[in-house]
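The file my_file_20.cif contains mmCIF, C-alpha atoms:
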data_query
loop_
_atom_site.group_PDB
_atom_site.id
_atom_site.type_symbol
_atom_site.label_atom_id
_atom_site.label_comp_id
_atom_site.auth_asym_id
_atom_site.auth_seq_id
_atom_site.Cartn_x
_atom_site.Cartn_y
_atom_site.Cartn_z
ATOM 1 C CA MET N 223 41.771 -14.783 154.341
ATOM 2 C CA ASN N 224 43.520 -12.823 151.668
ATOM 3 C CA LYS N 225 42.995 -10.050 149.185
ATOM 4 C CA THR N 226 41.297 -12.031 146.446
ATOM 5 C CA ILE N 227 38.649 -13.365 148.810
ATOM 6 C CA CYS N 228 37.982 -9.850 150.104
ATOM 7 C CA ARG N 229 37.617 -8.738 146.517
ATOM 8 C CA VAL N 230 35.143 -11.516 145.731
ATOM 9 C CA PHE N 231 33.042 -10.586 148.754
ATOM 10 C CA LEU N 232 33.149 -6.904 147.858
ATOM 11 C CA PHE N 233 32.169 -7.701 144.309
ATOM 12 C CA PHE N 234 29.088 -9.629 145.410
ATOM 13 C CA ALA N 235 28.236 -7.021 148.037
ATOM 14 C CA CYS N 236 28.276 -4.283 145.400
ATOM 15 C CA LEU N 237 26.146 -6.326 143.025
ATOM 16 C CA ILE N 238 23.592 -7.069 145.713
ATOM 17 C CA LEU N 239 23.390 -3.349 146.469
ATOM 18 C CA THR N 240 22.180 -2.709 142.943
ATOM 19 C CA ALA N 241 19.046 -4.753 143.684
ATOM 20 C CA PHE N 242 17.613 -1.817 145.585
ATOM 21 C CA VAL N 243 18.106 0.754 142.878
ATOM 22 C CA TYR N 244 15.766 -0.902 140.381
ATOM 23 C CA ALA N 245 13.764 1.938 138.911
ATOM 24 C CA GLN N 246 11.389 0.969 136.161
ATOM 25 C CA ASP N 247 9.088 -1.844 135.272
ATOM 26 C CA SER N 248 7.958 -2.603 131.743
ATOM 27 C CA LEU N 249 4.427 -1.444 131.000
ATOM 28 C CA GLN N 250 1.760 -3.932 131.919
ATOM 29 C CA LYS N 251 -1.400 -4.022 129.828
ATOM 30 C CA GLU N 252 -3.487 -5.787 132.411
ATOM 31 C CA LYS N 253 -2.707 -6.429 136.044
ATOM 32 C CA PRO N 254 -2.944 -10.088 136.982
ATOM 33 C CA GLN N 255 -3.675 -10.748 140.605
ATOM 34 C CA MET N 256 -0.485 -10.714 142.648
ATOM 35 C CA ALA N 257 0.235 -11.041 146.297
ATOM 36 C CA GLY N 258 0.905 -7.366 146.918
ATOM 37 C CA LEU N 259 -1.104 -7.443 150.098
ATOM 38 C CA MET N 260 0.160 -10.879 150.968
ATOM 39 C CA ARG N 261 3.585 -9.540 151.424
ATOM 40 C CA SER N 262 2.670 -6.654 153.697
ATOM 41 C CA ASN N 263 0.401 -8.363 156.191
ATOM 42 C CA GLY N 264 -0.270 -11.762 154.675
ATOM 43 C CA LYS N 265 2.516 -13.315 156.764
ATOM 44 C CA ILE N 266 4.889 -14.029 153.881
ATOM 45 C CA TYR N 267 7.686 -13.179 156.303
ATOM 46 C CA VAL N 268 6.720 -16.277 158.255
ATOM 47 C CA VAL N 269 7.465 -18.386 155.210
ATOM 48 C CA VAL N 270 10.788 -16.626 154.697
ATOM 49 C CA ALA N 271 11.670 -17.268 158.345
ATOM 50 C CA VAL N 272 10.788 -20.960 158.035
ATOM 51 C CA VAL N 273 12.820 -21.398 154.870
ATOM 52 C CA VAL N 274 15.795 -19.569 156.354
ATOM 53 C CA ILE N 275 15.647 -21.787 159.465
ATOM 54 C CA ILE N 276 15.588 -24.917 157.312
ATOM 55 C CA LEU N 277 18.525 -23.606 155.314
ATOM 56 C CA ALA N 278 20.451 -22.772 158.484
ATOM 57 C CA GLY N 279 19.700 -26.242 159.857
ATOM 58 C CA LEU N 280 20.934 -27.920 156.708
ATOM 59 C CA PHE N 281 24.123 -25.878 156.800
ATOM 60 C CA ILE N 282 24.731 -26.709 160.456
ATOM 61 C CA TYR N 283 24.320 -30.373 159.565
ATOM 62 C CA LEU N 284 26.789 -30.036 156.695
ATOM 63 C CA ILE N 285 29.271 -28.157 158.889
ATOM 64 C CA ASN N 286 29.090 -30.953 161.455
ATOM 65 C CA LEU N 287 29.680 -33.565 158.782
ATOM 66 C CA ASP N 288 32.573 -31.530 157.432
ATOM 67 C CA ARG N 289 34.152 -31.279 160.889
ATOM 68 C CA ARG N 290 33.715 -34.978 161.543
ATOM 69 C CA ILE N 291 35.465 -35.900 158.325
ATOM 70 C CA ASN N 292 38.161 -33.355 159.170
ATOM 71 C CA SER N 293 38.840 -34.927 162.546
ATOM 72 C CA LEU N 294 38.879 -38.417 161.019
ATOM 73 C CA GLU N 295 41.438 -37.271 158.494
ATOM 74 C CA LYS N 296 43.531 -35.737 161.232
ATOM 75 C CA LYS N 297 43.236 -38.709 163.576
ATOM 76 C CA ILE N 298 44.579 -41.143 161.045
ATOM 77 C CA LYS N 299 47.326 -39.216 159.306
ATOM 78 C CA ILE N 300 47.747 -40.645 155.897
ATOM 79 C CA MET R 91 39.964 -25.947 147.603
ATOM 80 C CA LEU R 92 38.751 -29.268 149.023
ATOM 81 C CA ARG R 93 39.381 -28.259 152.619
ATOM 82 C CA LYS R 94 39.030 -24.475 152.478
ATOM 83 C CA ASN R 95 36.084 -22.808 154.132
ATOM 84 C CA TRP R 96 35.465 -19.398 152.608
ATOM 85 C CA TRP R 97 33.386 -20.654 149.676
ATOM 86 C CA LYS R 98 31.153 -22.633 152.027
ATOM 87 C CA ILE R 99 30.354 -19.401 153.857
ATOM 88 C CA LEU R 100 29.814 -17.703 150.510
ATOM 89 C CA SER R 101 27.358 -20.456 149.573
ATOM 90 C CA PHE R 102 25.394 -19.835 152.765
ATOM 91 C CA ILE R 103 25.300 -16.071 152.213
ATOM 92 C CA LEU R 104 24.190 -16.467 148.609
ATOM 93 C CA LEU R 105 21.425 -18.918 149.520
ATOM 94 C CA ILE R 106 20.169 -16.721 152.351
ATOM 95 C CA TYR R 107 20.071 -13.900 149.818
ATOM 96 C CA THR R 108 18.215 -16.144 147.357
ATOM 97 C CA PHE R 109 15.608 -17.137 149.915
ATOM 98 C CA THR R 110 14.958 -13.673 151.330
ATOM 99 C CA ALA R 111 15.182 -11.622 148.133
ATOM 100 C CA GLY R 112 13.567 -14.494 146.250
ATOM 101 C CA PHE R 113 10.413 -14.291 148.343
ATOM 102 C CA LEU R 114 10.319 -10.583 149.071
ATOM 103 C CA GLY R 115 11.837 -9.026 145.955
ATOM 104 C CA GLY R 116 9.762 -7.672 143.120
ATOM 105 C CA VAL R 117 8.771 -9.866 140.191
ATOM 106 C CA PRO R 118 6.942 -9.047 136.960
ATOM 107 C CA ALA R 119 3.194 -9.695 137.147
ATOM 108 C CA LYS R 120 2.223 -12.436 134.703
ATOM 109 C CA PRO R 121 -1.077 -14.181 134.149
ATOM 110 C CA ILE R 122 -1.194 -17.913 135.040
ATOM 111 C CA LEU R 123 2.288 -17.787 136.571
ATOM 112 C CA ASN R 124 1.492 -15.157 139.216
ATOM 113 C CA GLU R 125 3.819 -15.641 142.170
ATOM 114 C CA THR R 126 5.023 -19.045 140.939
ATOM 115 C CA ILE R 127 7.503 -17.146 138.759
ATOM 116 C CA ARG R 128 9.677 -17.164 141.876
ATOM 117 C CA ASN R 129 10.289 -20.852 141.235
ATOM 118 C CA LEU R 130 12.967 -19.657 138.835
ATOM 119 C CA TYR R 131 15.328 -19.263 141.795
ATOM 120 C CA TYR R 132 14.778 -22.806 142.987
ATOM 121 C CA HIS R 133 13.551 -25.045 140.173
ATOM 122 C CA VAL R 134 15.615 -23.627 137.308
ATOM 123 C CA ALA R 135 18.671 -23.221 139.525
ATOM 124 C CA MET R 136 18.547 -27.004 140.181
ATOM 125 C CA TRP R 137 19.053 -27.673 136.468
ATOM 126 C CA MET R 138 21.798 -25.099 136.135
ATOM 127 C CA ALA R 139 23.643 -26.649 139.071
ATOM 128 C CA MET R 140 23.079 -30.139 137.646
ATOM 129 C CA MET R 141 24.600 -29.142 134.312
ATOM 130 C CA ILE R 142 27.629 -27.674 136.087
ATOM 131 C CA PHE R 143 28.126 -30.912 138.081
ATOM 132 C CA PHE R 144 27.843 -33.033 134.957
ATOM 133 C CA ILE R 145 30.405 -30.836 133.219
ATOM 134 C CA ILE R 146 32.790 -31.241 136.186
ATOM 135 C CA SER R 147 32.105 -34.975 136.142
ATOM 136 C CA VAL R 148 32.897 -35.420 132.464
ATOM 137 C CA VAL R 149 36.069 -33.328 132.788
ATOM 138 C CA TYR R 150 37.312 -35.653 135.531
ATOM 139 C CA ALA R 151 36.262 -38.711 133.521
ATOM 140 C CA ILE R 152 38.417 -37.519 130.638
ATOM 141 C CA ARG R 153 41.274 -36.730 132.992
ATOM 142 C CA TYR R 154 40.973 -40.241 134.388
ATOM 143 C CA LEU R 155 41.134 -41.718 130.904
ATOM 144 C CA ARG R 156 44.221 -39.650 130.145
ATOM 145 C CA ASN R 157 46.336 -40.604 133.129
ATOM 146 C CA ASN R 158 44.530 -43.341 135.084
ATOM 147 C CA LYS R 159 44.696 -41.682 138.497
ATOM 148 C CA PRO R 160 42.010 -43.264 140.719
ATOM 149 C CA VAL R 161 41.385 -39.882 142.393
ATOM 150 C CA PHE R 162 39.904 -38.517 139.187
ATOM 151 C CA ASP R 163 37.518 -41.447 138.998
ATOM 152 C CA ILE R 164 36.277 -40.680 142.523
ATOM 153 C CA TYR R 165 35.778 -37.011 141.629
ATOM 154 C CA SER R 166 33.919 -37.938 138.489
ATOM 155 C CA VAL R 167 31.560 -40.338 140.260
ATOM 156 C CA GLU R 168 30.712 -38.070 143.157
ATOM 157 C CA PHE R 169 29.944 -35.078 140.958
ATOM 158 C CA ALA R 170 27.730 -37.245 138.759
ATOM 159 C CA ARG R 171 25.940 -38.428 141.894
ATOM 160 C CA THR R 172 25.275 -34.890 143.125
ATOM 161 C CA GLY R 173 24.205 -33.971 139.606
ATOM 162 C CA ILE R 174 21.590 -36.725 139.628
ATOM 163 C CA VAL R 175 20.286 -35.607 143.038
ATOM 164 C CA PHE R 176 19.879 -32.056 141.773
ATOM 165 C CA GLY R 177 18.364 -33.297 138.515
ATOM 166 C CA VAL R 178 15.761 -35.413 140.298
ATOM 167 C CA LEU R 179 14.894 -32.432 142.502
ATOM 168 C CA GLY R 180 14.588 -30.322 139.353
ATOM 169 C CA LEU R 181 12.269 -32.859 137.746
ATOM 170 C CA VAL R 182 10.041 -33.211 140.806
ATOM 171 C CA THR R 183 9.821 -29.467 141.464
ATOM 172 C CA GLY R 184 9.171 -28.894 137.760
ATOM 173 C CA SER R 185 6.367 -31.408 137.933
ATOM 174 C CA VAL R 186 4.757 -29.622 140.876
ATOM 175 C CA TRP R 187 5.084 -26.312 139.072
ATOM 176 C CA ALA R 188 3.601 -27.854 135.925
ATOM 177 C CA LYS R 189 0.535 -28.969 137.870
ATOM 178 C CA TYR R 190 -0.338 -25.337 138.556
ATOM 179 C CA ALA R 191 0.952 -23.769 135.348
ATOM 180 C CA TRP R 192 0.161 -26.403 132.721
ATOM 181 C CA GLY R 193 -2.617 -28.289 134.519
ATOM 182 C CA ALA R 194 -0.961 -31.657 135.104
ATOM 183 C CA PHE R 195 2.004 -33.077 136.957
ATOM 184 C CA TRP R 196 3.189 -34.843 133.834
ATOM 185 C CA SER R 197 2.066 -33.912 130.354
ATOM 186 C CA ASN R 198 4.672 -35.716 128.215
ATOM 187 C CA ASP R 199 6.116 -32.386 127.246
ATOM 188 C CA PRO R 200 9.353 -32.666 125.218
ATOM 189 C CA LYS R 201 11.222 -30.822 127.966
ATOM 190 C CA GLN R 202 9.966 -33.237 130.618
ATOM 191 C CA LEU R 203 10.669 -36.290 128.489
ATOM 192 C CA GLY R 204 14.111 -35.063 127.517
ATOM 193 C CA ALA R 205 15.044 -34.337 131.115
ATOM 194 C CA ALA R 206 13.767 -37.741 132.230
ATOM 195 C CA ILE R 207 15.761 -39.514 129.500
ATOM 196 C CA ALA R 208 18.910 -37.567 130.400
ATOM 197 C CA LEU R 209 18.552 -38.566 134.045
ATOM 198 C CA LEU R 210 17.909 -42.214 133.168
ATOM 199 C CA ILE R 211 21.081 -42.243 131.081
ATOM 200 C CA TYR R 212 23.004 -40.967 134.094
ATOM 201 C CA LEU R 213 21.348 -43.524 136.368
ATOM 202 C CA ALA R 214 22.530 -46.225 133.979
ATOM 203 C CA TYR R 215 26.045 -44.893 134.617
ATOM 204 C CA PHE R 216 25.769 -46.123 138.197
ATOM 205 C CA VAL R 217 24.186 -49.399 137.170
ATOM 206 C CA LEU R 218 27.056 -50.031 134.765
ATOM 207 C CA ARG R 219 29.649 -48.981 137.321
ATOM 208 C CA ASN R 220 28.367 -51.157 140.107
ATOM 209 C CA SER R 221 27.924 -54.191 137.889
ATOM 210 C CA LEU R 222 31.675 -54.470 137.339
ATOM 211 C CA THR R 223 33.628 -55.997 140.195
ATOM 212 C CA ASP R 224 37.111 -55.193 138.958
ATOM 213 C CA VAL R 225 37.964 -51.695 140.262
ATOM 214 C CA ASP R 226 40.134 -50.555 137.366
ATOM 215 C CA LYS R 227 37.803 -51.918 134.735
ATOM 216 C CA SER R 228 34.822 -50.370 136.466
ATOM 217 C CA ALA R 229 36.528 -46.961 136.604
ATOM 218 C CA ARG R 230 37.642 -47.118 132.989
ATOM 219 C CA ILE R 231 34.388 -48.291 131.458
ATOM 220 C CA SER R 232 32.334 -45.901 133.531
ATOM 221 C CA ALA R 233 34.596 -43.008 132.510
ATOM 222 C CA VAL R 234 33.995 -43.869 128.855
ATOM 223 C CA TYR R 235 30.267 -44.139 129.508
ATOM 224 C CA ASN R 236 30.335 -40.795 131.330
ATOM 225 C CA VAL R 237 31.507 -39.098 128.137
ATOM 226 C CA PHE R 238 28.622 -40.692 126.245
ATOM 227 C CA ALA R 239 26.115 -39.721 128.957
ATOM 228 C CA PHE R 240 27.336 -36.140 128.817
ATOM 229 C CA ALA R 241 27.099 -36.095 125.035
ATOM 230 C CA MET R 242 23.483 -37.226 125.358
ATOM 231 C CA LEU R 243 22.696 -34.062 127.325
ATOM 232 C CA PHE R 244 23.039 -32.099 124.100
ATOM 233 C CA PRO R 245 20.064 -33.614 122.257
ATOM 234 C CA THR R 246 17.932 -34.414 125.312
ATOM 235 C CA LEU R 247 18.225 -31.134 127.188
ATOM 236 C CA TRP R 248 19.597 -28.533 124.854
ATOM 237 C CA ILE R 249 18.485 -29.320 121.298
ATOM 238 C CA ILE R 250 15.260 -31.341 120.940
ATOM 239 C CA PRO R 251 13.148 -29.453 123.530
ATOM 240 C CA ARG R 252 14.153 -26.220 121.835
ATOM 241 C CA LEU R 253 13.269 -27.323 118.323
ATOM 242 C CA VAL R 254 9.800 -28.696 118.946
ATOM 243 C CA GLU R 255 6.722 -27.107 120.376
ATOM 244 C CA SER R 256 6.793 -27.159 124.163
ATOM 245 C CA LEU R 257 4.809 -25.797 127.062
ATOM 246 C CA HIS R 258 8.096 -24.983 128.750
ATOM 247 C CA PRO R 259 9.733 -21.609 128.005
ATOM 248 C CA GLY R 260 12.505 -21.973 125.484
ATOM 249 C CA GLY R 261 10.604 -23.992 122.876
ATOM 250 C CA MET R 262 10.450 -23.305 119.123
ATOM 251 C CA GLY R 263 13.909 -21.829 118.986
ATOM 252 C CA ASN R 264 13.321 -19.115 121.565
ATOM 253 C CA PRO R 265 15.754 -18.664 124.383
ATOM 254 C CA ALA R 266 14.315 -19.611 127.772
ATOM 255 C CA PHE R 267 15.514 -16.459 129.467
ATOM 256 C CA ASN R 268 14.217 -13.517 127.512
ATOM 257 C CA THR R 269 13.102 -10.135 128.708
ATOM 258 C CA LYS R 270 9.477 -11.129 128.120
ATOM 259 C CA ASP R 271 9.631 -13.731 130.855
ATOM 260 C CA ILE R 272 11.850 -12.226 133.507
ATOM 261 C CA ASP R 273 13.289 -8.812 134.209
ATOM 262 C CA SER R 274 16.575 -7.490 135.545
ATOM 263 C CA ARG R 275 15.500 -7.790 139.194
ATOM 264 C CA MET R 276 14.964 -11.524 138.739
ATOM 265 C CA ARG R 277 18.086 -12.004 136.657
ATOM 266 C CA LEU R 278 20.190 -10.514 139.406
ATOM 267 C CA ILE R 279 18.909 -12.858 142.116
ATOM 268 C CA PHE R 280 19.101 -15.816 139.734
ATOM 269 C CA ASP R 281 22.572 -15.184 138.318
ATOM 270 C CA LEU R 282 24.293 -13.973 141.454
ATOM 271 C CA GLY R 283 22.321 -15.647 144.217
ATOM 272 C CA ALA R 284 20.598 -18.822 143.157
ATOM 273 C CA VAL R 285 22.942 -20.399 140.603
ATOM 274 C CA PRO R 286 26.283 -19.865 142.401
ATOM 275 C CA GLY R 287 24.667 -20.513 145.802
ATOM 276 C CA TRP R 288 23.106 -23.835 144.881
ATOM 277 C CA THR R 289 26.179 -24.848 142.879
ATOM 278 C CA LEU R 290 28.538 -24.204 145.781
ATOM 279 C CA LEU R 291 26.227 -26.146 148.099
ATOM 280 C CA GLY R 292 26.348 -29.107 145.715
ATOM 281 C CA VAL R 293 30.108 -28.831 145.386
ATOM 282 C CA TRP R 294 30.373 -28.909 149.173
ATOM 283 C CA ILE R 295 28.258 -32.063 149.396
ATOM 284 C CA SER R 296 30.347 -33.651 146.641
ATOM 285 C CA THR R 297 33.645 -32.797 148.311
ATOM 286 C CA LEU R 298 32.417 -34.322 151.580
ATOM 287 C CA ARG R 299 31.648 -37.567 149.774
ATOM 288 C CA ILE R 300 34.964 -37.430 147.928
ATOM 289 C CA ARG R 301 36.873 -36.942 151.182
ATOM 290 C CA LEU R 302 35.020 -39.805 152.815
ATOM 291 C CA LYS R 303 35.793 -42.076 149.889
ATOM 292 C CA LEU R 304 39.459 -41.062 149.732
ATOM 293 C CA PHE R 305 39.715 -41.585 153.457
ATOM 294 C CA SER R 306 38.213 -45.061 153.465
ATOM 295 C CA LEU R 307 40.297 -46.008 150.451
ATOM 296 C CA LYS R 308 43.563 -44.954 152.054
ATOM 297 C CA HIS R 309 42.581 -46.442 155.356
ATOM 298 C CA GLU R 310 42.007 -49.831 153.776
ATOM 299 C CA ILE R 311 45.466 -49.769 152.232
ATOM 300 C CA HIS R 312 47.045 -49.075 155.617
ATOM 301 C CA GLU R 313 45.306 -51.930 157.339
#
What is this file in structure tokens?
Amino acid sequence: MNKTICRVFLFFACLILTAFVYAQDSLQKEKPQMAGLMRSNGKIYVVVAVVVIILAGLFIYLINLDRRINSLEKKIKI
Amino acid sequence: MLRKNWWKILSFILLIYTFTAGFLGGVPAKPILNETIRNLYYHVAMWMAMMIFFIISVVYAIRYLRNNKPVFDIYSVEFARTGIVFGVLGLVTGSVWAKYAWGAFWSNDPKQLGAAIALLIYLAYFVLRNSLTDVDKSARISAVYNVFAFAMLFPTLWIIPRLVESLHPGGMGNPAFNTKDIDSRMRLIFDLGAVPGWTLLGVWISTLRIRLKLFSLKHEIHE
């Protein structure tokens, strides 16, 4: 919409980029069981897909609600 | 701000980021917690968002008391309402997490008790509000009560659970977010994805309710 919004988006985009350049982990004395394998072929992506669909659905619902209120406000000019 | 769209899109992007990076990103390996450490992005973010809504609510309550504009009362109420929704979600998700980390859904931990008391105080805000039939009186008294309810967040959420021994991180004077618990990868998703994402979503829901209320209020006057 304007420059400030572009800047905000760029700012977040740059920050998100830094997530991939994480280099070191603190030393672990013992290794507790984690889902290392789970993530490769344990179908964790299925869960991510489900959650993303739910999120998208909720947003579509909110957008609809937003539009409906918008049209109501426009219909009856106050 | 009320009718602009860019921050709603931003909220969606941030939450998508939270849900994908939150599940797939790296986390420190901890005993007992294991993968449940990822709840930070969802459970803890609920409380952060709730605190932000309560702060917005009390600011509008004070503004209402200063110049008696009914709009401020509506803002104050709707943000308190969203705050309670997020708080209840935080309590329930915390309880589920506690079952698998502490061994029971409810263990009368100071953090749990404090959070429950804080929420009950805010629920009483709505009881008080709806018990008064006169609109101006209801707005005024509830605005005064809102300030008290907000002040009660200090002992119940921020002071007592930190002073006493607690199962929850952040007890005995330690900060809840230290490098022992989470690392920079988690901080990034939490600070830049989860907290602003959830907060903007809650603000959106609140503004929808505010617009609906303003609309019905003005419509009644015209009739």
Taking only residues of chain R that have an atom at most 10 Å from an atom of chain N, what is each one's shortest atom pair and its distance in Å to one decimal, using all atoms listed in the file, in chain and number order, as a Markdown table?
| residue | atom | partner | partner_atom | distance |
| --- | --- | --- | --- | --- |
| R:Arg93 | CA | N:Asn292 | CA | 8.4 |
| R:Asn95 | CA | N:Met223 | CA | 9.8 |
| R:Trp96 | CA | N:Ile227 | CA | 7.8 |
| R:Trp97 | CA | N:Ile227 | CA | 9.0 |
| R:Lys98 | CA | N:Ile285 | CA | 9.0 |
| R:Ile99 | CA | N:Phe281 | CA | 9.5 |
| R:Leu100 | CA | N:Phe231 | CA | 8.0 |
| R:Ser101 | CA | N:Phe281 | CA | 9.6 |
| R:Phe102 | CA | N:Phe281 | CA | 7.4 |
| R:Leu104 | CA | N:Phe234 | CA | 9.0 |
| R:Leu105 | CA | N:Leu277 | CA | 8.0 |
| R:Ile106 | CA | N:Val274 | CA | 6.6 |
| R:Tyr107 | CA | N:Ile238 | CA | 8.7 |
| R:Thr108 | CA | N:Val274 | CA | 9.9 |
| R:Phe109 | CA | N:Val270 | CA | 6.8 |
| R:Thr110 | CA | N:Val270 | CA | 6.1 |
| R:Ala111 | CA | N:Ala241 | CA | 9.1 |
| R:Gly112 | CA | N:Val270 | CA | 9.1 |
| R:Phe113 | CA | N:Val270 | CA | 6.8 |
| R:Leu114 | CA | N:Arg261 | CA | 7.2 |
| R:Gly115 | CA | N:Ala241 | CA | 8.7 |
| R:Gly116 | CA | N:Tyr244 | CA | 9.5 |
| R:Val117 | CA | N:Asp247 | CA | 9.4 |
| R:Pro118 | CA | N:Asp247 | CA | 7.7 |
| R:Ala119 | CA | N:Pro254 | CA | 6.2 |
| R:Lys120 | CA | N:Pro254 | CA | 6.1 |
| R:Pro121 | CA | N:Pro254 | CA | 5.3 |
| R:Ile122 | CA | N:Pro254 | CA | 8.3 |
| R:Leu123 | CA | N:Pro254 | CA | 9.3 |
| R:Asn124 | CA | N:Met256 | CA | 6.0 |
| R:Glu125 | CA | N:Met256 | CA | 6.6 |
| R:Thr269 | CA | N:Ser248 | CA | 9.6 |
| R:Lys270 | CA | N:Ser248 | CA | 9.4 |
| R:Asp273 | CA | N:Asp247 | CA | 8.2 |
| R:Ser274 | CA | N:Tyr244 | CA | 8.2 |
| R:Arg275 | CA | N:Ala241 | CA | 6.5 |
| R:Met276 | CA | N:Ala241 | CA | 9.3 |
| R:Leu278 | CA | N:Ala241 | CA | 7.3 |
| R:Ile279 | CA | N:Ala241 | CA | 8.3 |
| R:Leu282 | CA | N:Phe234 | CA | 7.6 |
| R:Gly283 | CA | N:Ile238 | CA | 8.8 |
| R:Leu291 | CA | N:Phe281 | CA | 9.0 |
| R:Trp294 | CA | N:Leu284 | CA | 8.4 |
| R:Ile295 | CA | N:Leu284 | CA | 7.7 |
| R:Thr297 | CA | N:Asp288 | CA | 9.3 |
| R:Leu298 | CA | N:Asp288 | CA | 6.5 |
| R:Arg299 | CA | N:Ile291 | CA | 9.5 |
| R:Arg301 | CA | N:Ile291 | CA | 7.4 |
| R:Leu302 | CA | N:Ile291 | CA | 6.8 |
| R:Leu304 | CA | N:Glu295 | CA | 9.7 |
| R:Phe305 | CA | N:Glu295 | CA | 6.9 |
| R:Ser306 | CA | N:Glu295 | CA | 9.8 |
| R:Lys308 | CA | N:Ile300 | CA | 7.1 |
| R:His309 | CA | N:Ile300 | CA | 7.8 |
| R:His312 | CA | N:Ile300 | CA | 8.5 |
So that I can check the surroundings of Pro160 in chain R, please list as a list in words every protein, DNA and RNA residue that reaches within 9 Å of it, counting all atoms listed in the file and ignoring chain neighbours fewer than 6 positions away.
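Neighbouring residues, sequence-local ones excluded: Tyr154, Asp226 and Ala229 of chain R.
Interatomic distance, CA of Phe144 in chain R against CA of Ala170 in chain R: 5.7 Å.
The spacing separating CA of Met136 in chain R from CA of Gly177 in chain R amounts to 6.5 Å.
Taking all atoms listed in the file into account, Ala205 in chain R lies nearest to R:Ser185 out of the set R:Ser147, R:Ser185, R:Ser232, R:Thr223.
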Record the distance separating CA of Phe244 in chain R and CA of Gly204 in chain R, expressed in Å with one decimal.
10.0 Å
Starting from the point (11.9, -27.5, 143.0), work out which residues of protein, DNA or RNA have an atom no more than 12 Å away when counting all atoms listed in the file; state them as a list in words.
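Selection result: Thr126, Arg128, Asn129, Leu130, Tyr131, Tyr132, His133, Val134, Ala135, Met136, Trp137, Val175, Phe176, Gly177, Val178, Leu179, Gly180, Leu181, Val182, Thr183, Gly184, Ser185, Val186, Trp187, Ala188 and Trp288 of chain R.
Excluding Val149 in chain R itself and same-chain residues fewer than 3 positions from it, the residues having an atom within 12 Å of it are Ile142, Phe143, Phe144, Ile145, Ile146, Ile152, Arg153, Tyr154, Leu155, Arg156, Phe162, Asp163, Tyr165, Ser166, Val167, Phe169, Ala170, Ala233, Val234, Asn236, Val237 and Phe240 of chain R, counting all atoms listed in the file.
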Based on the selection just made, write C-alpha atoms of those residues as a compact mmCIF listing (two decimals), keeping the file's coordinate frame.
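The new file result12.txt reads:
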# COMPACT_ATOMS: atom_id res chain seq x y z
CA ILE R 142 27.63 -27.67 136.09
CA PHE R 143 28.13 -30.91 138.08
CA PHE R 144 27.84 -33.03 134.96
CA ILE R 145 30.40 -30.84 133.22
CA ILE R 146 32.79 -31.24 136.19
CA ILE R 152 38.42 -37.52 130.64
CA ARG R 153 41.27 -36.73 132.99
CA TYR R 154 40.97 -40.24 134.39
CA LEU R 155 41.13 -41.72 130.90
CA ARG R 156 44.22 -39.65 130.15
CA PHE R 162 39.90 -38.52 139.19
CA ASP R 163 37.52 -41.45 139.00
CA TYR R 165 35.78 -37.01 141.63
CA SER R 166 33.92 -37.94 138.49
CA VAL R 167 31.56 -40.34 140.26
CA PHE R 169 29.94 -35.08 140.96
CA ALA R 170 27.73 -37.24 138.76
CA ALA R 233 34.60 -43.01 132.51
CA VAL R 234 33.99 -43.87 128.85
CA ASN R 236 30.34 -40.80 131.33
CA VAL R 237 31.51 -39.10 128.14
CA PHE R 240 27.34 -36.14 128.82
Result set of the PyMOL selection byres ((chain R and resi 253) around 6) on the coordinates above, as a ChimeraX atom specification
/R:250-252,254,262-263
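Across R:Ala139, R:Leu243, R:Val148, R:Ile272, the tightest approach to Ile127 in chain R is made by R:Ile272 when counting only C-alpha atoms.
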